[in-house]
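Chemist: What follows is run-v7.txt; its format and atoms are compact mmCIF, C-alpha atoms.
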```txt
# COMPACT_ATOMS: atom_id res chain seq x y z
CA MET A 573 146.09 38.33 -93.96
CA GLY A 574 143.92 35.73 -95.70
CA ASP A 575 145.14 36.79 -99.16
CA THR A 576 148.76 36.71 -97.98
CA THR A 577 148.39 33.21 -96.51
CA GLN A 578 146.77 31.92 -99.68
CA ARG A 579 149.52 33.46 -101.80
CA VAL A 580 152.28 31.93 -99.63
CA LEU A 581 150.65 28.50 -99.93
CA SER A 582 150.40 28.97 -103.69
CA LEU A 583 154.07 29.92 -103.79
CA LEU A 584 154.96 26.78 -101.83
CA ASN A 585 152.91 24.67 -104.22
CA LEU A 586 154.77 26.13 -107.21
CA LEU A 587 158.17 25.56 -105.63
CA GLN A 588 157.26 21.89 -105.07
CA GLN A 589 156.27 21.41 -108.70
CA ARG A 590 159.68 21.90 -110.34
CA PRO A 591 163.31 22.44 -109.27
CA VAL A 592 163.90 26.12 -110.16
CA TRP A 593 161.71 29.19 -110.75
CA THR A 594 162.86 32.70 -111.62
CA GLY A 595 161.43 35.58 -109.61
CA THR A 596 159.70 36.90 -112.73
CA GLU A 597 158.02 33.54 -113.42
CA LEU A 598 156.73 33.31 -109.87
CA ALA A 599 155.47 36.88 -109.92
CA GLU A 600 153.54 36.25 -113.14
CA ARG A 601 152.00 33.04 -111.80
CA LEU A 602 150.96 34.69 -108.53
CA GLY A 603 149.92 38.02 -110.03
CA VAL A 604 152.23 40.08 -107.78
CA THR A 605 155.50 41.96 -108.02
CA THR A 606 158.93 40.37 -107.66
CA ARG A 607 159.28 42.31 -104.38
CA SER A 608 156.18 40.53 -103.04
CA VAL A 609 157.72 37.22 -104.11
CA ARG A 610 160.86 38.00 -102.10
CA ARG A 611 158.76 38.83 -99.02
CA ASP A 612 156.75 35.60 -99.39
CA VAL A 613 159.97 33.60 -99.73
CA GLU A 614 161.13 35.07 -96.42
CA ARG A 615 157.80 34.03 -94.86
CA LEU A 616 158.36 30.47 -96.04
CA ARG A 617 161.88 30.47 -94.62
CA SER A 618 160.55 31.65 -91.25
CA LEU A 619 158.21 28.62 -91.28
CA GLY A 620 161.13 26.25 -91.78
CA TYR A 621 161.11 25.82 -95.56
CA PRO A 622 164.70 25.99 -96.93
CA VAL A 623 164.20 28.18 -100.01
CA ARG A 624 167.47 28.94 -101.78
CA ALA A 625 167.98 31.91 -104.11
CA GLU A 626 170.72 31.80 -106.75
CA HIS A 627 171.59 34.71 -109.03
CA GLY A 628 172.81 34.64 -112.62
CA THR A 629 172.02 32.51 -115.65
CA GLY A 630 170.14 29.39 -114.68
CA GLY A 631 169.53 30.77 -111.21
CA GLY A 632 166.32 31.41 -109.36
CA TYR A 633 164.36 30.18 -106.36
CA GLN A 634 164.68 26.54 -105.34
CA LEU A 635 163.13 24.53 -102.52
CA GLY A 636 165.90 22.53 -100.89
CA ALA A 637 166.23 19.90 -98.17
CA GLY A 638 166.59 21.18 -94.63
CA LYS A 639 167.59 19.72 -91.27
CA ALA A 640 163.95 19.23 -90.25
CA LEU A 641 160.99 18.07 -92.32
CA PRO A 642 158.52 20.97 -92.80
CA PRO A 643 154.83 20.44 -93.63
CA LEU A 644 154.22 19.09 -97.14
CA LEU A 645 151.59 20.68 -99.37
CA LEU A 646 149.68 18.18 -101.53
CA ASP A 647 146.98 18.72 -104.13
CA ASP A 648 144.00 16.35 -104.34
CA GLU A 649 145.59 13.87 -106.76
CA GLU A 650 148.83 13.75 -104.79
CA ALA A 651 146.99 13.23 -101.49
CA VAL A 652 145.02 10.32 -102.94
CA ALA A 653 148.19 8.77 -104.37
CA VAL A 654 150.01 9.02 -101.04
CA ALA A 655 147.05 7.64 -99.06
CA VAL A 656 146.66 4.68 -101.42
CA SER A 657 150.39 3.94 -101.24
CA LEU A 658 150.36 4.09 -97.44
CA ARG A 659 147.36 1.74 -97.22
CA LEU A 660 149.08 -0.77 -99.47
CA ALA A 661 152.32 -0.48 -97.47
CA ALA A 662 150.40 -0.87 -94.19
CA GLY A 663 148.95 -4.07 -95.60
CA GLY A 664 152.43 -5.50 -95.95
CA THR A 665 152.97 -5.16 -99.69
CA VAL A 666 156.11 -3.12 -98.99
CA ALA A 667 158.47 -5.02 -96.68
CA GLY A 668 159.50 -3.20 -93.52
CA LEU A 669 157.12 -0.25 -93.93
CA GLY A 670 154.08 -1.56 -92.09
CA GLU A 671 154.22 0.29 -88.76
CA ALA A 672 155.60 3.55 -90.22
CA ALA A 673 152.90 3.44 -92.90
CA VAL A 674 150.17 3.08 -90.28
CA ARG A 675 151.45 6.07 -88.29
CA SER A 676 151.67 8.20 -91.42
CA LEU A 677 148.28 7.05 -92.65
CA ALA A 678 146.65 7.96 -89.34
CA LYS A 679 148.02 11.52 -89.60
CA LEU A 680 146.97 11.92 -93.22
CA ASP A 681 143.52 10.42 -92.67
CA GLN A 682 142.85 12.96 -89.90
CA VAL A 683 143.05 15.88 -92.34
CA LEU A 684 141.86 14.19 -95.52
CA PRO A 685 138.51 15.61 -96.77
CA ALA A 686 135.59 13.17 -96.89
CA ARG A 687 135.42 13.35 -100.69
CA LEU A 688 139.08 12.26 -100.95
CA ARG A 689 138.58 9.47 -98.39
CA ALA A 690 135.86 8.09 -100.65
CA GLU A 691 138.19 8.29 -103.64
CA VAL A 692 140.97 6.46 -101.76
CA LYS A 693 138.53 3.75 -100.69
CA GLY A 694 137.41 3.34 -104.29
CA VAL A 695 140.98 2.77 -105.46
CA ILE A 696 141.71 0.28 -102.67
CA ASP A 697 138.48 -1.63 -103.27
CA ALA A 698 139.43 -1.96 -106.93
CA THR A 699 142.92 -3.25 -106.11
CA VAL A 700 143.85 -6.87 -105.42
CA SER A 701 147.21 -8.44 -104.58
CA LEU A 702 148.33 -11.82 -105.92
CA ASP A 703 149.74 -14.00 -103.12
CA SER A 704 149.57 -11.23 -100.55
CA PRO A 705 152.28 -11.81 -97.88
CA VAL A 706 149.94 -10.94 -94.99
CA THR A 707 146.50 -11.75 -93.66
CA PRO A 708 144.21 -8.99 -94.99
CA VAL A 709 143.31 -6.25 -92.51
CA ASP A 710 140.79 -3.45 -93.00
CA ALA A 711 142.86 -0.26 -93.34
CA ASP A 712 140.07 1.68 -91.57
CA VAL A 713 140.64 -0.54 -88.51
CA LEU A 714 144.37 0.20 -88.60
CA VAL A 715 143.79 3.94 -88.89
CA ALA A 716 141.15 4.07 -86.12
CA LEU A 717 143.37 2.18 -83.67
CA ALA A 718 146.52 4.12 -84.56
CA ARG A 719 144.65 7.38 -83.96
CA ALA A 720 143.26 6.13 -80.62
CA ILE A 721 146.76 5.11 -79.51
CA ARG A 722 148.17 8.51 -80.47
CA THR A 723 145.44 10.53 -78.67
CA PRO A 724 145.23 8.38 -76.39
CA GLU A 725 141.56 7.47 -76.12
CA ARG A 726 139.54 4.37 -75.38
CA ALA A 727 138.38 2.34 -78.35
CA THR A 728 135.74 -0.25 -79.10
CA PHE A 729 135.49 -2.87 -81.83
CA ASP A 730 133.59 -5.99 -82.77
CA TYR A 731 135.75 -9.09 -82.30
CA THR A 732 135.37 -12.65 -83.54
CA LYS A 733 137.33 -15.30 -81.62
CA ALA A 734 138.81 -18.42 -83.19
CA ASP A 735 135.76 -20.45 -82.10
CA GLY A 736 133.43 -18.02 -83.89
CA ASP A 737 132.17 -16.29 -80.73
CA ARG A 738 131.51 -12.58 -81.37
CA SER A 739 131.48 -9.74 -78.89
CA GLU A 740 132.10 -6.01 -78.54
CA ARG A 741 135.39 -5.24 -76.79
CA ARG A 742 136.22 -2.04 -74.91
CA VAL A 743 139.92 -1.33 -74.55
CA GLU A 744 142.65 1.16 -73.81
CA PRO A 745 144.87 0.61 -76.90
CA TYR A 746 148.63 0.78 -76.38
CA ARG A 747 150.53 -0.59 -79.35
CA LEU A 748 150.08 -2.08 -82.82
CA VAL A 749 152.53 -4.89 -83.56
CA ALA A 750 153.23 -6.43 -86.96
CA ALA A 751 154.30 -10.05 -86.51
CA GLY A 752 154.86 -12.35 -89.46
CA ARG A 753 151.72 -12.42 -91.59
CA ARG A 754 149.45 -10.62 -89.13
CA TRP A 755 148.79 -7.37 -87.23
CA TYR A 756 148.09 -7.46 -83.48
CA LEU A 757 146.86 -4.91 -80.94
CA MET A 758 148.14 -4.93 -77.38
CA ALA A 759 145.53 -3.28 -75.16
CA TRP A 760 144.12 -3.14 -71.66
CA ASP A 761 140.76 -4.93 -71.77
CA LEU A 762 138.36 -2.83 -69.68
CA ASP A 763 135.84 -5.64 -69.17
CA ARG A 764 138.42 -8.30 -68.24
CA ASP A 765 140.67 -5.91 -66.30
CA ASP A 766 143.85 -7.31 -67.83
CA TRP A 767 146.23 -7.00 -70.78
CA ARG A 768 145.11 -8.74 -73.96
CA THR A 769 146.32 -9.32 -77.53
CA PHE A 770 143.85 -9.02 -80.43
CA ARG A 771 144.24 -9.99 -84.07
CA LEU A 772 143.23 -7.12 -86.35
CA ASP A 773 141.95 -9.43 -89.09
CA ARG A 774 139.26 -10.56 -86.61
CA MET A 775 138.14 -6.99 -85.89
CA ALA A 776 135.40 -4.87 -87.41
CA ALA A 777 133.94 -1.41 -86.77
CA ALA A 778 136.93 -0.18 -84.74
CA ARG A 779 136.39 3.36 -83.46
CA GLY A 780 137.60 5.78 -80.82
CA THR A 781 135.10 6.67 -78.10
CA GLY A 782 136.37 10.17 -77.35
CA TRP A 783 137.10 9.19 -73.74
CA ARG A 784 140.72 9.97 -72.88
CA PHE A 785 142.69 7.73 -70.53
CA LYS A 786 145.89 8.08 -68.54
CA PRO A 787 148.38 5.48 -69.82
CA ARG A 788 149.14 2.87 -67.17
CA GLU A 789 152.43 1.00 -66.75
CA ALA A 790 152.55 -1.50 -69.59
CA PRO A 791 154.62 -4.58 -70.39
CA ASP A 792 156.98 -4.57 -73.34
CA ALA A 793 154.63 -4.78 -76.33
CA LEU A 794 156.88 -6.93 -78.53
CA GLU A 795 157.59 -9.48 -75.81
CA PHE A 796 153.96 -9.55 -74.67
CA VAL A 797 152.61 -10.15 -78.16
CA ARG A 798 155.32 -12.72 -78.92
CA ALA A 799 154.43 -14.70 -75.80
CA SER A 800 150.71 -14.39 -76.54
CA ILE A 801 150.92 -15.77 -80.06
CA THR A 802 153.56 -18.46 -79.45
CA GLN A 803 152.35 -19.85 -76.11
CA ALA A 804 149.10 -18.55 -74.60
CA PRO A 805 146.56 -19.91 -77.12
CA TYR A 806 147.83 -23.50 -77.01
CA ARG A 807 147.18 -26.63 -74.97
CA PHE A 808 150.89 -27.38 -74.47
CA VAL A 809 153.87 -25.07 -73.89
CA ALA A 810 157.17 -26.82 -74.51
CA LYS A 811 160.68 -25.83 -73.45
CA VAL A 812 163.77 -27.47 -74.98
CA ARG A 813 167.49 -26.74 -74.68
CA ILE A 814 169.28 -26.74 -78.03
CA ALA A 815 173.02 -27.26 -78.56
CA ALA A 816 173.34 -24.15 -80.74
CA SER A 817 173.43 -20.41 -80.13
CA ALA A 818 170.26 -18.36 -80.09
CA ASN A 819 171.41 -16.51 -83.22
CA GLU A 820 171.86 -19.77 -85.12
CA VAL A 821 168.48 -21.17 -84.06
CA ALA A 822 166.65 -17.90 -84.75
CA GLN A 823 167.65 -18.14 -88.41
CA PHE A 824 165.41 -21.21 -88.75
CA VAL A 825 162.64 -20.39 -86.26
CA PRO A 826 160.35 -17.39 -86.98
CA SER A 827 159.66 -15.16 -83.98
CA THR A 828 155.94 -15.79 -84.49
CA MET A 829 156.42 -19.54 -83.92
CA ALA A 830 158.63 -19.65 -80.82
CA VAL A 831 160.72 -17.62 -78.39
CA VAL A 832 164.46 -18.33 -78.64
CA GLU A 833 166.75 -17.13 -75.84
CA PRO A 834 170.48 -17.58 -75.06
CA ASP A 835 171.12 -20.26 -72.42
CA GLY A 836 174.86 -20.01 -71.86
CA ASP A 837 177.82 -21.97 -73.25
CA GLY A 838 176.67 -21.76 -76.89
CA HIS A 839 173.24 -23.17 -76.10
CA SER A 840 169.75 -21.69 -76.40
CA LEU A 841 166.33 -22.19 -74.87
CA LEU A 842 163.35 -22.57 -77.22
CA THR A 843 159.80 -22.05 -75.91
CA ALA A 844 156.84 -22.81 -78.14
CA GLY A 845 153.19 -23.68 -77.85
CA ALA A 846 151.04 -26.18 -79.77
CA ASP A 847 147.92 -28.25 -79.40
CA ASP A 848 149.78 -31.34 -80.64
CA LEU A 849 153.13 -32.42 -79.14
CA ASP A 850 153.92 -34.42 -82.29
CA TYR A 851 153.99 -31.10 -84.15
CA ILE A 852 156.58 -29.66 -81.74
CA ALA A 853 158.64 -32.87 -81.80
CA TYR A 854 158.83 -32.81 -85.60
CA HIS A 855 159.91 -29.20 -85.86
CA VAL A 856 162.48 -29.46 -83.05
CA VAL A 857 164.07 -32.61 -84.51
CA ARG A 858 164.24 -31.18 -88.03
CA LEU A 859 166.44 -28.33 -86.76
CA GLY A 860 169.26 -30.87 -86.69
CA TRP A 861 170.94 -29.97 -83.39
CA PRO A 862 171.05 -32.12 -80.22
CA VAL A 863 168.21 -31.16 -77.88
CA THR A 864 167.26 -31.74 -74.25
CA VAL A 865 163.57 -31.67 -73.32
CA ILE A 866 162.89 -29.57 -70.24
CA GLU A 867 159.09 -29.69 -70.24
CA PRO A 868 156.57 -31.18 -70.56
CA PRO A 869 157.66 -34.83 -69.94
CA GLU A 870 155.13 -35.98 -72.57
CA LEU A 871 157.27 -34.31 -75.25
CA ARG A 872 159.97 -36.93 -74.66
CA ASP A 873 157.43 -39.65 -75.48
CA ALA A 874 156.38 -37.79 -78.62
CA MET A 875 160.00 -37.48 -79.77
CA ARG A 876 160.67 -41.15 -79.01
CA THR A 877 157.61 -42.17 -81.04
CA LEU A 878 158.69 -39.91 -83.90
CA GLY A 879 162.16 -41.55 -83.87
CA GLU A 880 160.64 -45.02 -84.02
CA ARG A 881 158.44 -44.05 -86.97
CA LEU A 882 161.38 -42.57 -88.86
CA ALA A 883 163.50 -45.64 -88.16
CA ALA A 884 160.72 -47.93 -89.35
CA ALA A 885 160.22 -45.89 -92.51
CA SER A 886 163.93 -46.03 -93.38
CA SER A 887 164.34 -49.78 -92.85
```
Would it be possible to restate this file's structure as structure tokens?

Modeler:
Amino acid sequence: MGDTTQRVLSLLNLLQQRPVWTGTELAERLGVTTRSVRRDVERLRSLGYPVRAEHGTGGGYQLGAGKALPPLLLDDEEAVAVAVSLRLAAGGTVAGLGEAAVRSLAKLDQVLPARLRAEVKGVIDATVSLDSPVTPVDADVLVALARAIRTPERATFDYTKADGDRSERRVEPYRLVAAGRRWYLMAWDLDRDDWRTFRLDRMAAARGTGWRFKPREAPDALEFVRASITQAPYRFVAKVRIAASANEVAQFVPSTMAVVEPDGDGHSLLTAGADDLDYIAYHVVRLGWPVTVIEPPELRDAMRTLGERLAAASS
């Protein structure tokens, strides 16, 4: 059985190397008869690999595309190349591939031999990006958290807050969210008994503990993270009504800066946080649409002061 399995894997590897093989070529490469090749082809088909056989000149065995994606056989060099590509994509160097790259990387990392992990790390360490579009994140942190979410199992990591305070956090991880230039983790904080958002670029030594947990009812990850990064960390949370649709406003306001919602009759409601109301006043006014301040009242004073400064500068 062991010899047969090895031969079938070798056959699969050959079929993935070039478009068409004749039965005679495969038999010579594998050291078997053409009858054995036909039997091994049937074994591959039973496993979900769509192997086509065409007779005549130019014909032979060909590995085609099926309805489902069967397992992919990679040699060492191919596995390293795929892992490096996924790590770069997870870091944001390939637009729109971040979350899918992390999921794929977690699966590949689980079966990658230690010697190949070291080789991948060597390539990544020797690679730099000019004007990287995202805040750098340790790929090992991404992989460890993605694996813990998939299991699911509790995880721990070292975390440095904005004020420099460091601590070890114990969490039940639920979702990784890519927002703008950063990665975030939404998790249940076991020590604070509440939902929390963590920036991955402030993490180190992330690891699964092996302790499984039963997923609890969770808030919508995208909305929770959006609220956390646009409102929760700030001294002021402002709400303004804008005389433009939510779709129009959203074209000029990144989702990582504010929450924009429809507010009926072609208007929208913008909610944003900041430590300085002058900052909010400036960015709201520069949108160009008429606005009505809902809260806080101090924002009206900030906008009035901004208007006076602009008027004085233009006189």

Chemist: What lies within 8 Å of A:Thr728 using only C-alpha atoms, ignoring chain neighbours under 4 positions off, as a PDB file with C-alpha atoms, in the coordinates of the input?

Modeler:
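File written: selection.pdb
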```
ATOM      1  CA  GLU A 740     132.100  -6.010 -78.540  1.00  0.00           C
ATOM      2  CA  ARG A 741     135.390  -5.240 -76.790  1.00  0.00           C
ATOM      3  CA  ARG A 742     136.220  -2.040 -74.910  1.00  0.00           C
ATOM      4  CA  VAL A 743     139.920  -1.330 -74.550  1.00  0.00           C
ATOM      5  CA  ALA A 777     133.940  -1.410 -86.770  1.00  0.00           C
ATOM      6  CA  ALA A 778     136.930  -0.180 -84.740  1.00  0.00           C
ATOM      7  CA  ARG A 779     136.390   3.360 -83.460  1.00  0.00           C
ATOM      8  CA  GLY A 780     137.600   5.780 -80.820  1.00  0.00           C
ATOM      9  CA  THR A 781     135.100   6.670 -78.100  1.00  0.00           C
TER      10      THR A 781
END
```

Chemist: Looking at A:Val825, A:Leu762, A:Ala844, A:Ala885, which one is nearest to A:Ala799, with distances taken over only C-alpha atoms?

Modeler: A:Ala844

Chemist: Between atom CA of A:Met775 and atom CA of A:Ala686, what distance in Å does the model show, to one decimal?

Modeler: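 Separation between atom CA of A:Met775 and atom CA of A:Ala686: 23.1 Å.
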
Chemist: At what distance in Å, to one decimal, does atom CA of A:Val809 lie from atom CA of A:Val865?

Modeler: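 Going from atom CA of A:Val865 over to atom CA of A:Val809 covers 11.7 Å.
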
Chemist: Please, what distance in Å, to one decimal, runs between atom CA of A:Leu748 and atom CA of A:Lys679?

Modeler: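 That distance, rounded to one decimal, is 15.3 Å.
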
Chemist: Quick one: residues within 7 Å of A:Trp783, all atoms listed in the file, excluding same-chain residues fewer than 2 positions away - as number ranges by chain?

Modeler: A: 725-726, 781, 785

Chemist: Neighbouring residues of stretch 875-884 of chain A were defined as those with any atom within 8 Å, considering all atoms listed in the file; residues of the same chain fewer than 5 positions away were excluded. Please report them as JSON, numbers by chain.

Modeler: {"A": [850, 853, 854, 857]}

Chemist: List every protein, DNA or RNA residue that has at least one atom no more than 12 Å from (156.5, -7.0, -72.8) in the file's coordinates, counting only C-alpha atoms, and write the result as a tab-separated table (two decimals) with C-alpha atoms, keeping the file's coordinate frame.

Modeler:
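Output contents, as saved in out.tsv:
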```tsv
chain	number	residue	atom	x	y	z
A	746	TYR	CA	148.63	0.78	-76.38
A	747	ARG	CA	150.53	-0.59	-79.35
A	749	VAL	CA	152.53	-4.89	-83.56
A	758	MET	CA	148.14	-4.93	-77.38
A	759	ALA	CA	145.53	-3.28	-75.16
A	767	TRP	CA	146.23	-7.00	-70.78
A	768	ARG	CA	145.11	-8.74	-73.96
A	769	THR	CA	146.32	-9.32	-77.53
A	789	GLU	CA	152.43	1.00	-66.75
A	790	ALA	CA	152.55	-1.50	-69.59
A	791	PRO	CA	154.62	-4.58	-70.39
A	792	ASP	CA	156.98	-4.57	-73.34
A	793	ALA	CA	154.63	-4.78	-76.33
A	794	LEU	CA	156.88	-6.93	-78.53
A	795	GLU	CA	157.59	-9.48	-75.81
A	796	PHE	CA	153.96	-9.55	-74.67
A	797	VAL	CA	152.61	-10.15	-78.16
A	798	ARG	CA	155.32	-12.72	-78.92
A	799	ALA	CA	154.43	-14.70	-75.80
A	800	SER	CA	150.71	-14.39	-76.54
```

Chemist: Quick one: residues within 8 Å of A:Val812, all atoms listed in the file, excluding same-chain residues fewer than 6 positions away - as JSON, numbers by chain?

Modeler: {"A": [841, 842, 843, 863, 864, 865, 866, 867]}

Chemist: Compile the contact shell of stretch 621-624 of chain A as an MDAnalysis selection string: residues with an atom at most 6 Å away, counting all atoms listed in the file, same-chain residues fewer than 5 positions apart removed.

Modeler: chainID A and resid 616 633:636 638

Chemist: Which residue out of A:Tyr731, A:Ile814, A:Arg872, A:Ser886 has the minimum interatomic distance to A:Gly838 when all atoms listed in the file are used?

Modeler: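 Checking each candidate against A:Gly838, we get A:Ile814 as the closest.
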
Chemist: For A:Gln803, which residue among A:Ser817, A:Ala625, A:Pro834, A:Gly845 is the nearest when counting only C-alpha atoms?

Modeler: A:Gly845

Chemist: Which centre and which edge lengths, in Å to one decimal, describe the axis-aligned box that holds all listed atoms of stretch 648-655 of chain A after 8 Å is added on each side, as lines of an AutoDock Vina configuration file?

Modeler:
```
center_x = 147.0
center_y = 12.0
center_z = -102.9
size_x = 22.0
size_y = 24.7
size_z = 23.7
```

Chemist: Go through A:Ala874, A:Gln823, A:Ala720, A:Val674 one by one, measure the shortest atom-to-atom distance of each to A:Ala810 using all atoms listed in the file, and give the residue with the smallest value.

Modeler: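 Closest candidate: A:Ala874.
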
Chemist: Would you be able to write out as a ChimeraX atom specification which residues have an atom within 7 Å of (146.9, -25.5, -76.3) in the file's coordinates, counting only C-alpha atoms?

Modeler: /A:805-808,845-847

Chemist: Which residue is closest to A:Leu859? Choose from A:Ala711, A:Ala815, A:Val683, A:Val613 and count all atoms listed in the file.

Modeler: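 Closest to A:Leu859 of all the choices is A:Ala815.
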